[in-house]
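Structure first, then comments.
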Amino acid sequence: MREIYLLRHAETAANEEGVLQGRMDSPLSSRGVRQAQALAEVLVNLGVDAVFASPAGRVAATLTPALQRGLPEPSVMAGLDEIDLGRVANLTYEEFHSQFLPRIDPEEYRRGEYRFPGGESRRDLFERASAQVETILALDWEKALVAAHGGILSHLLAALLGIPFDGWIRFRLDNAALAKLVWYDDRPSLSFFNSCGHLPEELRSPPFPPLFPGRG
């Protein structure tokens, strides 16, 4: 039986300030540093034999306390990086809504065909996530941890569960939250999702506003 855990990185300064990151990196906020420390023992106790991680610095910073306690060294995979937001990166949600949202066709976005200027579309991200799923599942492990970002992990979950492209919108992980999938008879089952029980209430990040109001 295989098990895979998905972890979204701890809160960053950009998260705290309501700034869209994409491939732009940002240091952990003070709350994010404490989230990473709270995660350390939890991650080590998962007993994973493989760790796959995004190349982003915020993911490395999230894993560092656990690595210092014996978590296996991660295999860094470029395909686990966050969606490329192009020129939208470094804008606040309010700036994005005022500058870009009025010109976006809602149906084009729903179909995953809207490409962020100079960046990727949701369809691009799903295809990248699907390719990463094939790569990860082909490797030799029994219990694995994937540490990455909210956007790529939403699509990774949809790809792992074999649900249609637009199923990603159901999966919104909070900062430092975990999800778990278990394989029974070669079929994956979602064991839990967006688990934050390892974080005291004061360390839980507030939910982010949807990028597209009413659409996720």
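Just so we're on the same page: first chain in the structure tokens is A, next is B, and so on; residues restart at 1 for each chain, and ligands are numbered from 1 in the order they show up.
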Problem set entry | Non-local contacts of Phe171 (chain A) (12 Å; only C-alpha atoms; under 2 positions in same chain excluded) as a ChimeraX atom specification | /A:6,8,149-159,161,163,165-169,173-174,177-179,190,192-194,216
For this session: Skip region 91-101 of chain A itself and residues of its chain fewer than 5 positions away, then list as number ranges by chain all residues within 9 Å of it, counting only C-alpha atoms.
Result: A: 14, 17-21, 209-213
So that I have them on file, write out the residues from the current selection with N, CA and C atoms, as a PDB file, in the first residue's frame.
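Contents of the output file out.pdb:
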```
ATOM      1  N   ALA A  14       4.652  37.768   1.548  1.00  0.00           N
ATOM      2  CA  ALA A  14       3.728  38.128   0.472  1.00  0.00           C
ATOM      3  C   ALA A  14       2.322  37.621   0.765  1.00  0.00           C
ATOM      4  N   GLU A  17       0.724  39.892   3.223  1.00  0.00           N
ATOM      5  CA  GLU A  17       0.397  41.209   2.673  1.00  0.00           C
ATOM      6  C   GLU A  17      -0.625  41.146   1.544  1.00  0.00           C
ATOM      7  N   GLY A  18      -1.100  39.944   1.196  1.00  0.00           N
ATOM      8  CA  GLY A  18      -2.081  39.811   0.127  1.00  0.00           C
ATOM      9  C   GLY A  18      -1.503  40.050  -1.246  1.00  0.00           C
ATOM     10  N   VAL A  19      -0.251  39.624  -1.445  1.00  0.00           N
ATOM     11  CA  VAL A  19       0.436  39.812  -2.725  1.00  0.00           C
ATOM     12  C   VAL A  19       0.503  38.483  -3.466  1.00  0.00           C
ATOM     13  N   LEU A  20       0.206  38.500  -4.757  1.00  0.00           N
ATOM     14  CA  LEU A  20       0.277  37.303  -5.586  1.00  0.00           C
ATOM     15  C   LEU A  20       1.740  36.965  -5.863  1.00  0.00           C
ATOM     16  N   GLN A  21       2.105  35.706  -5.675  1.00  0.00           N
ATOM     17  CA  GLN A  21       3.512  35.328  -5.784  1.00  0.00           C
ATOM     18  C   GLN A  21       3.853  34.631  -7.096  1.00  0.00           C
ATOM     19  N   PRO A 209      -8.439  35.386  -0.402  1.00  0.00           N
ATOM     20  CA  PRO A 209      -9.592  35.659  -1.270  1.00  0.00           C
ATOM     21  C   PRO A 209      -9.423  34.927  -2.592  1.00  0.00           C
ATOM     22  N   PRO A 210     -10.509  34.552  -3.263  1.00  0.00           N
ATOM     23  CA  PRO A 210     -10.369  33.880  -4.565  1.00  0.00           C
ATOM     24  C   PRO A 210      -9.777  34.831  -5.587  1.00  0.00           C
ATOM     25  N   LEU A 211      -8.953  34.294  -6.456  1.00  0.00           N
ATOM     26  CA  LEU A 211      -8.356  35.119  -7.508  1.00  0.00           C
ATOM     27  C   LEU A 211      -9.430  35.638  -8.441  1.00  0.00           C
ATOM     28  N   PHE A 212     -10.399  34.769  -8.732  1.00  0.00           N
ATOM     29  CA  PHE A 212     -11.563  35.139  -9.536  1.00  0.00           C
ATOM     30  C   PHE A 212     -12.787  34.997  -8.639  1.00  0.00           C
ATOM     31  N   PRO A 213     -13.311  36.076  -8.112  1.00  0.00           N
ATOM     32  CA  PRO A 213     -14.454  35.990  -7.193  1.00  0.00           C
ATOM     33  C   PRO A 213     -15.577  35.139  -7.761  1.00  0.00           C
TER      34      PRO A 213
END
```
Problem set entry | strand (DSSP E or B) call set, DSSP backbone run, chain A, as an NGL selection string | :A and (3-8 or 12 or 19 or 28 or 50-53 or 75-76 or 92 or 115 or 121 or 143-148 or 178-184 or 187-195)
With C-alpha atoms kept, could you save the residues just selected as a JSON list (two decimals), in the first residue's frame?
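The resulting file, again.json, is shown below:
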```json
[["chain", "number", "residue", "atom", "x", "y", "z"],
["A", 3, "GLU", "CA", 0.68, 6.71, 0.88],
["A", 4, "ILE", "CA", 1.43, 10.25, -0.25],
["A", 5, "TYR", "CA", 1.21, 13.45, 1.76],
["A", 6, "LEU", "CA", 0.87, 16.87, 0.18],
["A", 7, "LEU", "CA", 2.11, 19.94, 2.06],
["A", 8, "ARG", "CA", 1.63, 23.57, 1.18],
["A", 12, "THR", "CA", 5.21, 34.07, 3.49],
["A", 19, "VAL", "CA", 0.44, 39.81, -2.72],
["A", 28, "LEU", "CA", 8.44, 33.28, 5.45],
["A", 50, "ALA", "CA", 10.87, 10.01, -0.05],
["A", 51, "VAL", "CA", 10.37, 13.77, -0.21],
["A", 52, "PHE", "CA", 9.70, 15.71, -3.42],
["A", 53, "ALA", "CA", 9.85, 19.48, -3.31],
["A", 75, "SER", "CA", 14.40, 15.56, -4.43],
["A", 76, "VAL", "CA", 13.86, 19.01, -5.92],
["A", 92, "THR", "CA", -2.07, 42.58, -4.66],
["A", 115, "ARG", "CA", -3.07, 32.59, -19.79],
["A", 121, "SER", "CA", -2.74, 29.09, -17.98],
["A", 143, "LYS", "CA", 5.33, 6.66, 1.72],
["A", 144, "ALA", "CA", 6.14, 10.06, 0.20],
["A", 145, "LEU", "CA", 5.79, 13.75, 0.97],
["A", 146, "VAL", "CA", 5.27, 16.37, -1.75],
["A", 147, "ALA", "CA", 6.00, 19.92, -0.56],
["A", 148, "ALA", "CA", 4.95, 22.69, -2.91],
["A", 178, "LEU", "CA", -1.53, 18.72, 4.82],
["A", 179, "ALA", "CA", -3.50, 16.32, 2.63],
["A", 180, "LYS", "CA", -3.10, 12.56, 2.38],
["A", 181, "LEU", "CA", -3.88, 9.98, -0.29],
["A", 182, "VAL", "CA", -3.78, 6.21, 0.23],
["A", 183, "TRP", "CA", -3.77, 3.56, -2.50],
["A", 184, "TYR", "CA", -6.06, 0.56, -2.04],
["A", 187, "ARG", "CA", -6.73, 3.06, -6.63],
["A", 188, "PRO", "CA", -6.04, 6.31, -4.74],
["A", 189, "SER", "CA", -8.39, 7.51, -2.04],
["A", 190, "LEU", "CA", -8.31, 10.92, -0.34],
["A", 191, "SER", "CA", -7.79, 10.18, 3.36],
["A", 192, "PHE", "CA", -7.84, 13.78, 4.59],
["A", 193, "PHE", "CA", -7.51, 17.26, 3.17],
["A", 194, "ASN", "CA", -6.43, 20.71, 4.40],
["A", 195, "SER", "CA", -5.55, 19.34, 7.82]]
```
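Note that DSSP on the backbone gives alpha helix (DSSP H) to these residues of region 34-88 of chain A: Arg34, Gln35, Ala36, Gln37, Ala38, Leu39, Ala40, Glu41, Val42, Leu43, Val44, Asn45, Gly57, Arg58, Val59, Ala60, Ala61, Thr62, Leu63, Thr64, Pro65, Ala66 and Leu67 of chain A.
When only C-alpha atoms are used to measure the gap to Ala10 (chain A), the shortest distance among A:Asn45, A:Asn90, A:Thr135, A:Ser26 belongs to A:Ser26.
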Problem set entry | Shell of 12 Å around Glu202 (chain A), only C-alpha atoms, local chain residues under 6 positions omitted, as a VMD selection string | chain A and resid 30 to 32 34 to 35 38 196
Any chance you could export the current selection's all heavy atoms as a CSV table (one decimal), in the first residue's frame?
```csv
chain,number,residue,atom,x,y,z
A,30,SER,N,6.7,36.0,10.1
A,30,SER,CA,7.0,35.5,11.4
A,30,SER,C,6.1,34.4,11.8
A,30,SER,O,6.5,33.4,12.4
A,30,SER,CB,6.9,36.7,12.4
A,30,SER,OG,5.6,37.2,12.4
A,31,ARG,N,4.8,34.4,11.4
A,31,ARG,CA,3.9,33.3,11.6
A,31,ARG,C,4.3,32.1,10.8
A,31,ARG,O,4.3,31.0,11.3
A,31,ARG,CB,2.5,33.7,11.3
A,31,ARG,CG,1.5,32.6,11.5
A,31,ARG,CD,0.1,33.1,11.6
A,31,ARG,NE,-0.3,34.0,10.5
A,31,ARG,CZ,-1.4,34.7,10.5
A,31,ARG,NH1,-2.2,34.7,11.5
A,31,ARG,NH2,-1.7,35.5,9.5
A,32,GLY,N,4.8,32.3,9.6
A,32,GLY,CA,5.3,31.2,8.8
A,32,GLY,C,6.5,30.5,9.4
A,32,GLY,O,6.5,29.3,9.3
A,34,ARG,N,7.1,30.2,12.5
A,34,ARG,CA,6.5,29.4,13.6
A,34,ARG,C,5.7,28.2,13.1
A,34,ARG,O,5.7,27.1,13.7
A,34,ARG,CB,5.7,30.2,14.6
A,34,ARG,CG,6.5,31.2,15.4
A,34,ARG,CD,5.7,32.1,16.3
A,34,ARG,NE,4.9,33.0,15.5
A,34,ARG,CZ,3.8,33.6,16.0
A,34,ARG,NH1,3.3,33.3,17.2
A,34,ARG,NH2,3.1,34.4,15.2
A,35,GLN,N,5.0,28.4,12.0
A,35,GLN,CA,4.3,27.2,11.3
A,35,GLN,C,5.3,26.1,10.9
A,35,GLN,O,5.1,24.9,11.2
A,35,GLN,CB,3.6,27.7,10.1
A,35,GLN,CG,2.4,28.5,10.4
A,35,GLN,CD,1.7,29.1,9.1
A,35,GLN,OE1,2.3,29.1,8.0
A,35,GLN,NE2,0.5,29.6,9.2
A,38,ALA,N,6.4,24.3,13.9
A,38,ALA,CA,5.3,23.4,14.4
A,38,ALA,C,5.2,22.2,13.5
A,38,ALA,O,4.8,21.1,14.0
A,38,ALA,CB,4.0,24.2,14.5
A,196,CYS,N,-5.1,21.1,9.4
A,196,CYS,CA,-4.2,22.1,10.2
A,196,CYS,C,-4.2,21.8,11.7
A,196,CYS,O,-3.9,22.6,12.5
A,196,CYS,CB,-4.8,23.5,9.9
A,196,CYS,SG,-4.6,24.0,8.2
```
Problem set entry | Shell of 9 Å around Leu43 (chain A), only C-alpha atoms, local chain residues under 6 positions omitted, as a PyMOL selection string | chain A and resi 63+66+71+145
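The coordinates place CA of Leu67 (chain A) at 12.6 Å from CA of Gly47 (chain A).
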Residues near Gly57 (chain A), cut-off 9 Å, only C-alpha atoms, skip fewer than 2 positions along chain, as an mmCIF file with all heavy atoms, in the first residue's frame:
```cif
data_model
loop_
_atom_site.group_PDB
_atom_site.id
_atom_site.type_symbol
_atom_site.label_atom_id
_atom_site.label_comp_id
_atom_site.auth_asym_id
_atom_site.auth_seq_id
_atom_site.Cartn_x
_atom_site.Cartn_y
_atom_site.Cartn_z
ATOM 1 N N ASP A 25 9.578 34.668 -5.353
ATOM 2 C CA ASP A 25 9.728 34.089 -4.023
ATOM 3 C C ASP A 25 9.603 35.163 -2.960
ATOM 4 O O ASP A 25 9.745 36.355 -3.234
ATOM 5 C CB ASP A 25 11.068 33.359 -3.888
ATOM 6 C CG ASP A 25 10.921 32.043 -3.140
ATOM 7 O OD1 ASP A 25 9.899 31.858 -2.444
ATOM 8 O OD2 ASP A 25 11.817 31.189 -3.253
ATOM 9 N N SER A 26 9.336 34.733 -1.753
ATOM 10 C CA SER A 26 9.155 35.640 -0.623
ATOM 11 C C SER A 26 9.565 34.889 0.634
ATOM 12 O O SER A 26 9.294 33.695 0.755
ATOM 13 C CB SER A 26 7.684 36.068 -0.535
ATOM 14 O OG SER A 26 7.448 36.856 0.611
ATOM 15 N N PRO A 27 10.233 35.548 1.571
ATOM 16 C CA PRO A 27 10.612 34.867 2.823
ATOM 17 C C PRO A 27 9.383 34.543 3.652
ATOM 18 O O PRO A 27 8.316 35.141 3.476
ATOM 19 C CB PRO A 27 11.504 35.894 3.521
ATOM 20 C CG PRO A 27 11.044 37.213 2.983
ATOM 21 C CD PRO A 27 10.659 36.961 1.554
ATOM 22 N N SER A 54 9.247 21.488 -4.440
ATOM 23 C CA SER A 54 9.404 22.606 -5.364
ATOM 24 C C SER A 54 10.776 23.243 -5.132
ATOM 25 O O SER A 54 11.305 23.209 -4.026
ATOM 26 C CB SER A 54 8.297 23.638 -5.108
ATOM 27 O OG SER A 54 8.673 24.914 -5.570
ATOM 28 N N PRO A 55 11.347 23.879 -6.158
ATOM 29 C CA PRO A 55 12.635 24.557 -5.979
ATOM 30 C C PRO A 55 12.540 25.898 -5.268
ATOM 31 O O PRO A 55 13.565 26.522 -4.990
ATOM 32 C CB PRO A 55 13.124 24.748 -7.421
ATOM 33 C CG PRO A 55 11.881 24.806 -8.248
ATOM 34 C CD PRO A 55 10.915 23.874 -7.578
ATOM 35 N N VAL A 59 9.524 26.989 0.066
ATOM 36 C CA VAL A 59 9.322 25.567 0.359
ATOM 37 C C VAL A 59 10.518 25.021 1.135
ATOM 38 O O VAL A 59 10.355 24.295 2.123
ATOM 39 C CB VAL A 59 9.082 24.773 -0.940
ATOM 40 C CG1 VAL A 59 9.046 23.272 -0.658
ATOM 41 C CG2 VAL A 59 7.778 25.212 -1.600
ATOM 42 N N ALA A 60 11.721 25.385 0.705
ATOM 43 C CA ALA A 60 12.922 24.952 1.428
ATOM 44 C C ALA A 60 12.896 25.452 2.869
ATOM 45 O O ALA A 60 13.226 24.709 3.805
ATOM 46 C CB ALA A 60 14.170 25.459 0.708
ATOM 47 N N ALA A 61 12.485 26.703 3.071
ATOM 48 C CA ALA A 61 12.430 27.263 4.424
ATOM 49 C C ALA A 61 11.398 26.537 5.278
ATOM 50 O O ALA A 61 11.594 26.363 6.490
ATOM 51 C CB ALA A 61 12.101 28.752 4.355
ATOM 52 N N THR A 62 10.308 26.095 4.660
ATOM 53 C CA THR A 62 9.272 25.355 5.389
ATOM 54 C C THR A 62 9.798 24.001 5.856
ATOM 55 O O THR A 62 9.480 23.545 6.962
ATOM 56 C CB THR A 62 8.033 25.163 4.497
ATOM 57 O OG1 THR A 62 7.513 26.452 4.118
ATOM 58 C CG2 THR A 62 6.949 24.367 5.210
#
```
For this session: Select, from A:Asp81, A:Glu201, A:Asp186, A:Glu108, the residue with the minimum atom-to-atom distance to Leu160 (chain A), counting only C-alpha atoms.
Result: A:Asp186
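One finds CA of Pro65 (chain A) at 18.0 Å from CA of Arg204 (chain A).
Minimum atom-to-atom distance to Glu41 (chain A), evaluated using only C-alpha atoms, belongs to A:Arg69 out of A:Arg69, A:Arg172, A:Arg103, A:Arg110.
The spacing separating CA of Ala36 (chain A) from CA of Pro206 (chain A) amounts to 16.2 Å.
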